[in-house]
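Asks: Before I ask anything, let me first share the structure, which is written out below as structure tokens.
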Amino acid sequence: MLAMDGSLRVQSVHQGKLLGVEILSWADDQGRVIQREVVRHPGAVVIVPRLGSDRVVMVKNHRIAVDEALWELPAGTREPGEEPIITAKRELEEETGYRAGRIETTGKFFTSPGFCDELIHVFVADDLEFVGQRLEPHEKIEAHELSWAKTLAMIDDGTICDCKTIAGLLMVLRRDKAKPE
């Protein structure tokens, strides 16, 4: 990434276990110094697990950053060098207890490209077999089977307020609607 005059200064100000923070500095065409703080993220996945044509598996997950239990699709951060589909299979089983007979990519999106490079890959999982959750000791995740109608109503009334969940659900519904019958 280069500024208009070809220069870019990158200063790492934090490197944690999960993410890093950099300050990017460059001069615009008027010579003004511009700075942006950028969060570097390894990327993540979100999975839409379907039980037949009328139900989806959602999780209720306590999120410490907002100190709330949120309704979400199963999701997770990619390990270094891990292909997104491997992350999706792992996270689906860990969080919901289901293993997918078929899993395929639906798309991808940046969560907040104004300050973060996190790219989320969206998958849809079908032909699910229950094998049992494998939660980490600190995780408080409950899996629930909901109808599509209930899930969409929860988006409409604000019960579901997680961006990756809303995007994942709507991407899968839009994809399915566009398929010839």
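All residue names refer to the structure tokens as shown: chains lettered A, B, ... in order, residues numbered from 1 in each chain, ligands numbered from 1 in order.
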For stretch 124-151 of chain A versus stretch 41-58 of chain A, which residues have an atom no more than 10 Å away, and what is each residue's nearest atom pair and distance in Å rounded to one decimal, using only C-alpha atoms, chain-then-number order, as a tab-separated table?

Replies:
```
residue	atom	partner	partner_atom	distance
A:Val124	CA	A:Val48	CA	4.6
A:Ala125	CA	A:Pro49	CA	4.6
A:Asp126	CA	A:Arg50	CA	5.4
A:Asp127	CA	A:Leu51	CA	7.2
A:Leu128	CA	A:Leu51	CA	6.7
A:Glu129	CA	A:Leu51	CA	9.4
A:Ile141	CA	A:Met58	CA	9.9
A:Glu142	CA	A:Met58	CA	8.4
A:Ala143	CA	A:Met58	CA	5.8
A:His144	CA	A:Met58	CA	5.3
A:Glu145	CA	A:Val57	CA	4.6
A:Leu146	CA	A:Arg55	CA	5.4
A:Ser147	CA	A:Arg55	CA	4.2
A:Trp148	CA	A:Arg55	CA	5.5
A:Ala149	CA	A:Asp54	CA	8.2
A:Lys150	CA	A:Arg55	CA	9.2
A:Thr151	CA	A:Val56	CA	8.0
```

Asks: For the helix (DSSP H, G or I) assignment from backbone DSSP, which residues of chain A qualify? Please present them as a PyMOL selection string.

Replies: chain A and resi 84-96+148-156+163-178

Asks: Please run DSSP on the backbone and report, as JSON, numbers by chain, all residues within stretch 33-126 of chain A that come out as strand (DSSP E).

Replies: {"A": [33, 34, 35, 36, 37, 38, 39, 40, 44, 45, 46, 47, 48, 49, 50, 51, 55, 56, 57, 58, 59, 60, 61, 62, 63, 68, 69, 70, 71, 72, 75, 76, 77, 98, 99, 100, 101, 102, 103, 104, 105, 106, 107, 108, 109, 110, 119, 120, 121, 122, 123, 124, 125, 126]}

Asks: Counting only C-alpha atoms, which of A:Thr106, A:Thr111, A:Gln133, A:Ser25 gets nearest to A:Arg175?

Replies: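 Result for the nearest residue to A:Arg175: A:Thr106.
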
Asks: Considering only C-alpha atoms, return as a count of residues only whatever protein or nucleic-acid residues lie within 9 Å of A:Phe109, sequence-local ones (same chain, fewer than 3 positions apart) excluded.

Replies: 7

Asks: Show me a table, sorted first by chain and then by increasing residue number, of the residues of stretch 31-141 of chain A having an atom at most 6 Å from stretch 14-24 of chain A, each with its shortest atom pair and the distance in Å to one decimal, counting only C-alpha atoms and written as a Markdown table.

Replies:
```
| residue | atom | partner | partner_atom | distance |
| --- | --- | --- | --- | --- |
| A:Gln35 | CA | A:Leu24 | CA | 5.5 |
| A:Arg36 | CA | A:Leu24 | CA | 5.3 |
| A:Glu37 | CA | A:Ile23 | CA | 4.6 |
| A:Val38 | CA | A:Glu22 | CA | 5.2 |
| A:Val39 | CA | A:Val21 | CA | 4.6 |
| A:Arg40 | CA | A:Gly20 | CA | 4.9 |
| A:His41 | CA | A:Leu19 | CA | 5.0 |
```

Asks: How would the residues just picked look written out with C-alpha atoms as a short mmCIF file (atom, residue, chain, number, x, y, z; two decimals), in the first residue's frame?

Replies:
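Result went into part-v2.cif, see below:
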```cif
data_model
loop_
_atom_site.label_atom_id
_atom_site.label_comp_id
_atom_site.auth_asym_id
_atom_site.auth_seq_id
_atom_site.Cartn_x
_atom_site.Cartn_y
_atom_site.Cartn_z
CA GLN A 35 -2.06 9.08 9.99
CA ARG A 36 -4.35 6.11 10.46
CA GLU A 37 -4.42 3.50 13.19
CA VAL A 38 -4.96 0.07 11.65
CA VAL A 39 -5.82 -3.16 13.41
CA ARG A 40 -4.19 -6.21 11.80
CA HIS A 41 -6.26 -9.37 12.16
#
```

Asks: Which is closer to A:Glu94 than all the others in A:Asp157, A:Glu79, A:Glu136, A:Asp29, using only C-alpha atoms?

Replies: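 Ranking A:Asp157, A:Glu79, A:Glu136, A:Asp29 by distance to A:Glu94, first place goes to A:Glu136.
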
Asks: Pick the closest to A:Ile103 from A:Lys60, A:Lys89, A:Lys177, A:Arg32: which is it, counting only C-alpha atoms?

Replies: A:Lys89
